[in-house]
Each structure stands twice: as C-alpha cells, then as structure tokens.
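Colleague: My questions all concern the structure below.
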Amino acid sequence: MRALRILLSLSAAATLGFAAAAAGQPGLPAAKPESVGMSSERLARLDAGMRNLVDEGRLAGVVTMVARHGKVVEFEAAGKRDIAANLPMQKDSIFRIYSMSKPVTGVAMMMLFEEGKWQLNDSVAMYVPELAHLKVYGTDAGGNMVLNEPAHPMTMRELMSHTAGFTYGYFSNTPVDKLQREADLLNIDNTLDEFIKRVAKLPLNSQPGAEWHYSVAVDIQGYIVQKLSGMPFEEFLSKRIFKPLNMVDTGFYVPPEKLKRFAEFYDYDKDGKLQVLHGSLNHDFSKKPALSSGGGGLVSTATDYMRFCQMLLNGGQLGGVRLLSPLTVEMMRTNVLAPSMPILAPGAGFGLDFAVLTDVMAAGGYYGKGTYWWGGAAGTWFWIDPTDDLIVIGMIQQAAGTGAAAAGGVPDMRGLSHAYTYQAILD
C-alpha cells in the first residue's frame with residue numbers, strides 16, 4: 001500500500017506540470033511533497049479544507065497552489081467557476097485579482113528605478129507635476145473644511161508605501177473618500193491621464209508620511225511607469241514582465257477565446273446563499289478598459305501568478321530571465337514604516353507595494369521571517385516566505401454581500417491555508 005501511495009503521488013505530481021502545459025500555461029516543475037520536506041498526507045488537508053467550504057456553500061469555487069524550493073507540490077481546483085452553467089472550477093481558470101495587481105506595478109516601478117529613472121526620496125511632483133500643489137484636508141474649530149499646506153512634498157517612497165496622504169474612496173469613509181467617490185476616479189472609462197487630472201483636483205486625506213492609509217497610490221504609480229517608460233502602461237507590463245515570465249493569461253481584460261475559462265464573481269444574498277455580484281466592481285472584463293489600473297485592474301491564473309511570485313522568491317529572476325536584482329527585491333520586501341505606524345494587522349509592516357511581516361507570532365502563528373504578501377478584493381491571496389522557500393497562492397471570486405453573516409462570513413482563506421500549509425512542513 002505504501003508503494004502504491006508513492007506511485008500515485010508521483011503520478012499526481014507529474015500531472016501538475018502536464019496540466020499546466022496542456023492549458024498553454026508554462027508551469028513550474030512539479031514534485032512529490034516529501035522531496036521538499038513536506039508531508040503528502042498532511043498537505044492533503046489543504047484541498048480537503050477548501051472542498052469543505054465549497055460543500056458548505058460558503059465558496060463557489062477555489063484554486064490553490066503551493067510551491068517549495070521552486071517546485072509545485074500542491075495544485076488543486078474545487079467547486080464551480082459558474083454555478084448557473086454548472087461549469088467546474090479548473091486549474092487554468094482566470095480570476096479577477098484586483099489588488100494583487102499592486103505588486104506587479106511595484107515590480108514595474110522598480111525596473112525603472114534600476115534604470116535610474118527615479119529615486120525613493122524624490123518628490124512625486126518631479127514626475128507628476130499635476131500633483132505639485134495638492135492641499136491637505138482638515139477642519140477648523142467649527143468643524144468647517146480647511147485646506148492646509150503639506151508639511152513636506154510627498155516622496156516616491158511614501159507613494160509606494162501608502163503613506164503619501166491619499167485614500168481609496170471605498171475602504172474607509174472620510175470626507176475625502178466621499179469626494180473621491182463623487183469624482184469617480186477609478187471609472188474604467190477614464191484614461192490614466194484623466195485619472196491624474198481628477199486626482200489633482202482633490203485634497204489629500206492626511207499629511208504625507210503621517211499615516212498608512214490604503215489608497216489610489218498604485219494607480220498613480222501606473223501613470224508614472226507609463227510616463228517614464230514612454231509606452232502605455234499595459235504595454236510595458238506585457239513586454240517587460242508578462243511575456244518574459246510566460247504569464248500567458250495575465251492582462252487587463254479577457255480576450256474572447258479565453259472567456260470560457262473566466263470564473264464568475266459571487267457574493268451572498270440576504271439568506272446567505274451565493275449569488276452573482278453585480279455593480280462596478282464586476283465590470284465587463286471581456287472588453288479592454290480605457291483605465292489600465294495598476295492598483296486593481298488585472299486578471300490572471302494561479303499558474304501565471306506563481307511564476308511572478310517565484311521570480312521574486314528567486315531574487316528577481318526566473319528561467320534565465322532577470323527582471324530585478326536580488327538587492328532590489330530585498331528592498332521591496334523591507335518594512336519602511338515607523339514602529340508607531342500600524343497597518344492592517346498585528347505584526348505587519350509595509351515595504352514597497354507589499355505588506356511584510358515584522359513580528360511572526362504577533363501575526364497569528366508561524367510564518368517564516370521576512371514573509372511578504374497581499375490579496376485582492378475578490379478574495380484572492382498569496383504570500384512569499386523566503387525563510388521556508390515557500391509560496392502559497394489562492395484564487396476565489398467571493399465578496400461579502402448582504403447575507404455574509406447568515407453564510408458564516410467570507411472564510412479567512414489566508415488564515416486557513418496558512419494552517420493547512422505550515423503543518424505539512426516537516427523539514
């Protein structure tokens with residue numbers, strides 16, 4: 001029986017690579033978990049846990065992918081990519097990755113940094129003069145709005161660490177958020193030029209450098225990439241990142257021949273049942289948008305994003321192609337926030353377009369030192385652990401909706417996959 005289990009594990013591992021190739025996705029080499037110090041039996045808990053969430057009606061479908069020492073040891077799909085059409089979730093399904101676009105934009109920025117196009121301590125206004133005269137929102141003793149001068153010009157370092165003073169419009173509800181919603185900054189029919197013009201008419205939410213606040217800063221970075229490179233932002237990403245890394249299904253829209261692989265986006269109705277999400281967040285991804293949103297516009301697959309992450313874990317190179325130097329990647333994953341400036345979670349800091357762990361145990365359990373990560377508004381997630389030489393990627397298309405409480409809430413996918421993955425590491 002033991003010999004049979006080993007044979008089946010080897011067969012399944014080989015299938016991972018073949019399945020990716022058959023889908024037109026050049027995958028990383030696949031391996032048996034035991035060959036990289038993990039337990040097949042224990043790692044199977046990850047797939048089982050994901051399938052349980054599908055069976056409970058809390059997820060429509062999910063794809064998970066785990067790589068250690070540069071080899072894929074887990075790659076599974078469960079549930080449906082389209083419930084109404086009864087279409088199964090597949091390993092090559094395409095997902096809206098939303099804010100997992102941000103690290104991609106960060107890499108584009110740092111490629112230009114390495115070319116001497118900008119410096120971390122430069123003012124943003126050097127590259128976006130339209131933002132040179134932004135004021136900072138405030139109130140007087142009577143509660144009336146006043147516009148204050150910034151204490152210092154915002155820097156590129158602040159722009160890449162969400163400390164430049166901007167906000168997002170949707171993740172908090174300040175008066176400036178309200179102004180941003182009214183300005184419709186992220187309408188997909190806006191060009192990046194129009195986006196910048198609208199940003200330039202609004203005040204900052206806080207003084208540059210004063211606080212960490214999730215924001216449109218990465219969309220501004222997309223504009224800067226476009227300006228400094230002399231080519232459209234989407235063209236830069238395609239030519240300089242996606243094609244060199246063989247990220248064959250990543251872009252700002254889904255072409256007609258790939259739409260059958262595009263996963264539907266769900267939330268919960270008032271009774272906690274899954275329903276298709278409607279609204280601006282789920283716009284028509286079958287058409288090329290005017291706005292190439294560096295902060296949240298990309299679609300991708302687990303295999304594509306794994307190649308991107310493995311490039312970073314390898315110190316900026318993959319398959320003989322180098323995008324960044326190891327020192328630049330290390331800089332990106334180094335916390336730049338002061339200890340007194342908390343962000344989203346205990347034990348976390350922020351680097352250049354990544355969240356980074358600063359206290360492993362405070363973060364809620366074991367992660368390797370120096371782990372960095374982010375996620376997307378549709379529930380996608382990833383982390384890169386340089387200490388354990390590990391990458392975990394998860395893809396779902398799920399939002400809370402009005403009935404999230406009745407459904408038991410959107411599952412904590414990063415937390416669950418963390419538990420299931422690290423308990424499988426034996427060496």
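Residue numbers start at 1 in each chain; chains themselves are named A, B, ... in the order of the structure tokens; ligands are numbered from 1 in the order shown.
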Would you kindly return, as a PyMOL selection string, each protein, DNA or RNA residue with an atom no farther than 7 Å from any atom of segment 66-80 of chain A, considering only C-alpha atoms and excluding same-chain residues fewer than 4 positions away?
Modeller: chain A and resi 13+16+28-33+36+47+51+54+60-62+86-91+310+389-393
Colleague: For Glu149 of chain A, work out the shell of residues within 9 Å, counting only C-alpha atoms and skipping chain neighbours fewer than 3 positions away, then give it as a list of chain:residue names.
Modeller: A:His133, A:Leu134, A:Lys135, A:Val136, A:His152, A:Gln207
Colleague: When you count only C-alpha atoms, which of these residues is closest to Ala363 of chain A: A:Gly222, A:Gly415, A:Pro339, A:Gly403?
Modeller: A:Gly415
Colleague: Using Å and a single decimal, report how far atom CA of His213 of chain A sits from atom CA of Tyr168 of chain A.
Modeller: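 About the pair atom CA of Tyr168 of chain A and atom CA of His213 of chain A: they are 8.3 Å apart.
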Colleague: Point out the residue among A:Thr174, A:Thr387, A:Gln275, A:Gln317 with the least atom-to-atom distance to Asp82 of chain A, counting only C-alpha atoms.
Modeller: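 The closest residue to Asp82 of chain A is A:Gln275.
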Colleague: For Ala263 of chain A, which residue out of A:Trp374, A:Val176, A:Ser300, A:Ser229 is the nearest one, using only C-alpha atoms?
Modeller: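 The shortest atom-to-atom distance to Ala263 of chain A comes from A:Ser300.
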Colleague: Need to verify the contact set: Leu281 of chain A, 12 Å, only C-alpha atoms, exclusion of same-chain residues closer than 4 positions in sequence. Can you return it as a list of chain:residue names?
Modeller: A:Arg96, A:Ile97, A:Tyr98, A:Tyr170, A:Leu186, A:Asn187, A:Ile188, A:Phe265, A:Tyr266, A:Asp267, A:Val276, A:Leu277, A:Phe285, A:Gly296, A:Gly297, A:Gly376, A:Ala377, A:Ala378, A:Gln397, A:Gln398, A:Ala399
Colleague: Mind listing the strand (DSSP E) residues of segment 140-295 of chain A, per DSSP on the backbone, as a PyMOL selection string?
Modeller: chain A and resi 145-148+266-268+274-276
Colleague: Hey, which of A:Tyr127, A:Phe242, A:Phe95, A:Trp383 ends up closest to Leu323 of chain A? Count only C-alpha atoms.
Modeller: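 Residue with the minimum atom-to-atom distance to Leu323 of chain A: A:Phe242.
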Colleague: For a quick check of understanding, using only C-alpha atoms, which of A:Pro150, A:Pro244, A:Gly368, A:Pro256 has the smallest distance to Val321 of chain A?
Modeller: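 Nearest candidate to Val321 of chain A out of A:Pro150, A:Pro244, A:Gly368, A:Pro256: A:Pro244.
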Colleague: Find the residue from A:Met110, A:Leu131, A:Val63, A:Ala406 that sits nearest to Arg240 of chain A; use only C-alpha atoms when measuring.
Modeller: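 Result for the nearest residue to Arg240 of chain A: A:Met110.
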Colleague: How many Å separate atom CA of Ala183 of chain A from atom CA of Tyr223 of chain A?
Modeller: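 Atom-to-atom, atom CA of Ala183 of chain A and atom CA of Tyr223 of chain A are spaced 17.9 Å apart.
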Colleague: Any idea what's packed within 8 Å of segment 329-331 of chain A, counting only C-alpha atoms, ignoring anything in its chain fewer than 5 positions away? Could you give it as a ChimeraX atom specification?
Modeller: /A:312,315-316,324,351-352
Colleague: Name the residues of segment 257-415 of chain A that come out as alpha helix (DSSP H) in a backbone DSSP run; write them as a list of chain:residue names.
Modeller: A:Ala302, A:Thr303, A:Asp304, A:Tyr305, A:Met306, A:Arg307, A:Phe308, A:Cys309, A:Gln310, A:Met311, A:Leu312, A:Leu313, A:Pro326, A:Leu327, A:Thr328, A:Val329, A:Glu330, A:Met331, A:Met332, A:Met413, A:Arg414, A:Gly415
Colleague: List the neighbours of Val146 of chain A out to 12 Å using only C-alpha atoms; skip same-chain residues closer than 5 positions along the sequence, and give me the result as a list of chain:residue names.
Modeller: A:Lys135, A:Val136, A:Tyr137, A:Gly138, A:Thr139, A:Asp140, A:Ala141, A:Pro175, A:Pro203, A:Leu204, A:Asn205
Colleague: When you look at Gly349 of chain A with a cut-off of 9 Å (counting only C-alpha atoms), what residues show up, excluding the ones that are within fewer than 2 positions of it in the same chain? I need them as a PDB file with N, CA and C atoms, in the first residue's frame.
Modeller:
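Generated output (result.pdb):
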ATOM      1  N   THR A 334      11.275  45.019   2.445  1.00  0.00           N
ATOM      2  CA  THR A 334      11.751  45.557   3.717  1.00  0.00           C
ATOM      3  C   THR A 334      10.759  46.586   4.242  1.00  0.00           C
ATOM      4  N   ASN A 335      10.383  46.464   5.500  1.00  0.00           N
ATOM      5  CA  ASN A 335       9.440  47.402   6.096  1.00  0.00           C
ATOM      6  C   ASN A 335      10.007  48.810   6.106  1.00  0.00           C
ATOM      7  N   VAL A 336       9.215  49.774   5.617  1.00  0.00           N
ATOM      8  CA  VAL A 336       9.655  51.168   5.605  1.00  0.00           C
ATOM      9  C   VAL A 336       8.864  52.030   6.588  1.00  0.00           C
ATOM     10  N   LEU A 337       7.939  51.413   7.335  1.00  0.00           N
ATOM     11  CA  LEU A 337       7.101  52.172   8.260  1.00  0.00           C
ATOM     12  C   LEU A 337       7.759  52.287   9.629  1.00  0.00           C
ATOM     13  N   ALA A 338       7.500  53.401  10.287  1.00  0.00           N
ATOM     14  CA  ALA A 338       7.956  53.570  11.662  1.00  0.00           C
ATOM     15  C   ALA A 338       7.183  52.608  12.564  1.00  0.00           C
ATOM     16  N   PRO A 339       7.801  52.141  13.666  1.00  0.00           N
ATOM     17  CA  PRO A 339       7.116  51.206  14.569  1.00  0.00           C
ATOM     18  C   PRO A 339       5.786  51.730  15.099  1.00  0.00           C
ATOM     19  N   MET A 341       3.555  53.257  13.447  1.00  0.00           N
ATOM     20  CA  MET A 341       2.581  53.393  12.377  1.00  0.00           C
ATOM     21  C   MET A 341       1.999  52.022  12.017  1.00  0.00           C
ATOM     22  N   PRO A 342       0.937  51.586  12.696  1.00  0.00           N
ATOM     23  CA  PRO A 342       0.358  50.277  12.399  1.00  0.00           C
ATOM     24  C   PRO A 342      -0.393  50.282  11.074  1.00  0.00           C
ATOM     25  N   ILE A 343      -0.554  49.074  10.474  1.00  0.00           N
ATOM     26  CA  ILE A 343      -1.368  48.990   9.263  1.00  0.00           C
ATOM     27  C   ILE A 343      -2.555  48.070   9.507  1.00  0.00           C
ATOM     28  N   LEU A 344      -2.737  47.078   8.665  1.00  0.00           N
ATOM     29  CA  LEU A 344      -3.971  46.294   8.696  1.00  0.00           C
ATOM     30  C   LEU A 344      -4.014  45.239   9.776  1.00  0.00           C
ATOM     31  N   ALA A 345      -2.872  44.726  10.196  1.00  0.00           N
ATOM     32  CA  ALA A 345      -2.879  43.555  11.067  1.00  0.00           C
ATOM     33  C   ALA A 345      -1.717  43.611  12.039  1.00  0.00           C
ATOM     34  N   PRO A 346      -1.858  42.954  13.200  1.00  0.00           N
ATOM     35  CA  PRO A 346      -0.737  42.874  14.142  1.00  0.00           C
ATOM     36  C   PRO A 346       0.463  42.191  13.490  1.00  0.00           C
ATOM     37  N   GLY A 347       1.632  42.652  13.854  1.00  0.00           N
ATOM     38  CA  GLY A 347       2.853  42.019  13.363  1.00  0.00           C
ATOM     39  C   GLY A 347       3.203  42.338  11.934  1.00  0.00           C
ATOM     40  N   GLY A 351       6.332  47.372   2.897  1.00  0.00           N
ATOM     41  CA  GLY A 351       7.507  47.702   2.107  1.00  0.00           C
ATOM     42  C   GLY A 351       7.115  48.564   0.929  1.00  0.00           C
ATOM     43  N   PHE A 354       4.158  45.871  -1.034  1.00  0.00           N
ATOM     44  CA  PHE A 354       3.866  44.613  -0.348  1.00  0.00           C
ATOM     45  C   PHE A 354       3.642  44.887   1.135  1.00  0.00           C
ATOM     46  N   ALA A 355       2.792  44.092   1.771  1.00  0.00           N
ATOM     47  CA  ALA A 355       2.813  44.001   3.234  1.00  0.00           C
ATOM     48  C   ALA A 355       3.919  43.034   3.614  1.00  0.00           C
ATOM     49  N   VAL A 356       4.589  43.300   4.722  1.00  0.00           N
ATOM     50  CA  VAL A 356       5.689  42.447   5.175  1.00  0.00           C
ATOM     51  C   VAL A 356       5.513  42.155   6.662  1.00  0.00           C
ATOM     52  N   LEU A 357       5.914  40.948   7.059  1.00  0.00           N
ATOM     53  CA  LEU A 357       5.834  40.589   8.466  1.00  0.00           C
ATOM     54  C   LEU A 357       7.009  41.184   9.233  1.00  0.00           C
ATOM     55  N   THR A 358       6.698  41.775  10.375  1.00  0.00           N
ATOM     56  CA  THR A 358       7.734  42.300  11.252  1.00  0.00           C
ATOM     57  C   THR A 358       7.805  41.530  12.561  1.00  0.00           C
ATOM     58  N   ASP A 359       6.723  40.810  12.902  1.00  0.00           N
ATOM     59  CA  ASP A 359       6.662  40.008  14.124  1.00  0.00           C
ATOM     60  C   ASP A 359       5.846  38.763  13.810  1.00  0.00           C
TER      61      ASP A 359
END
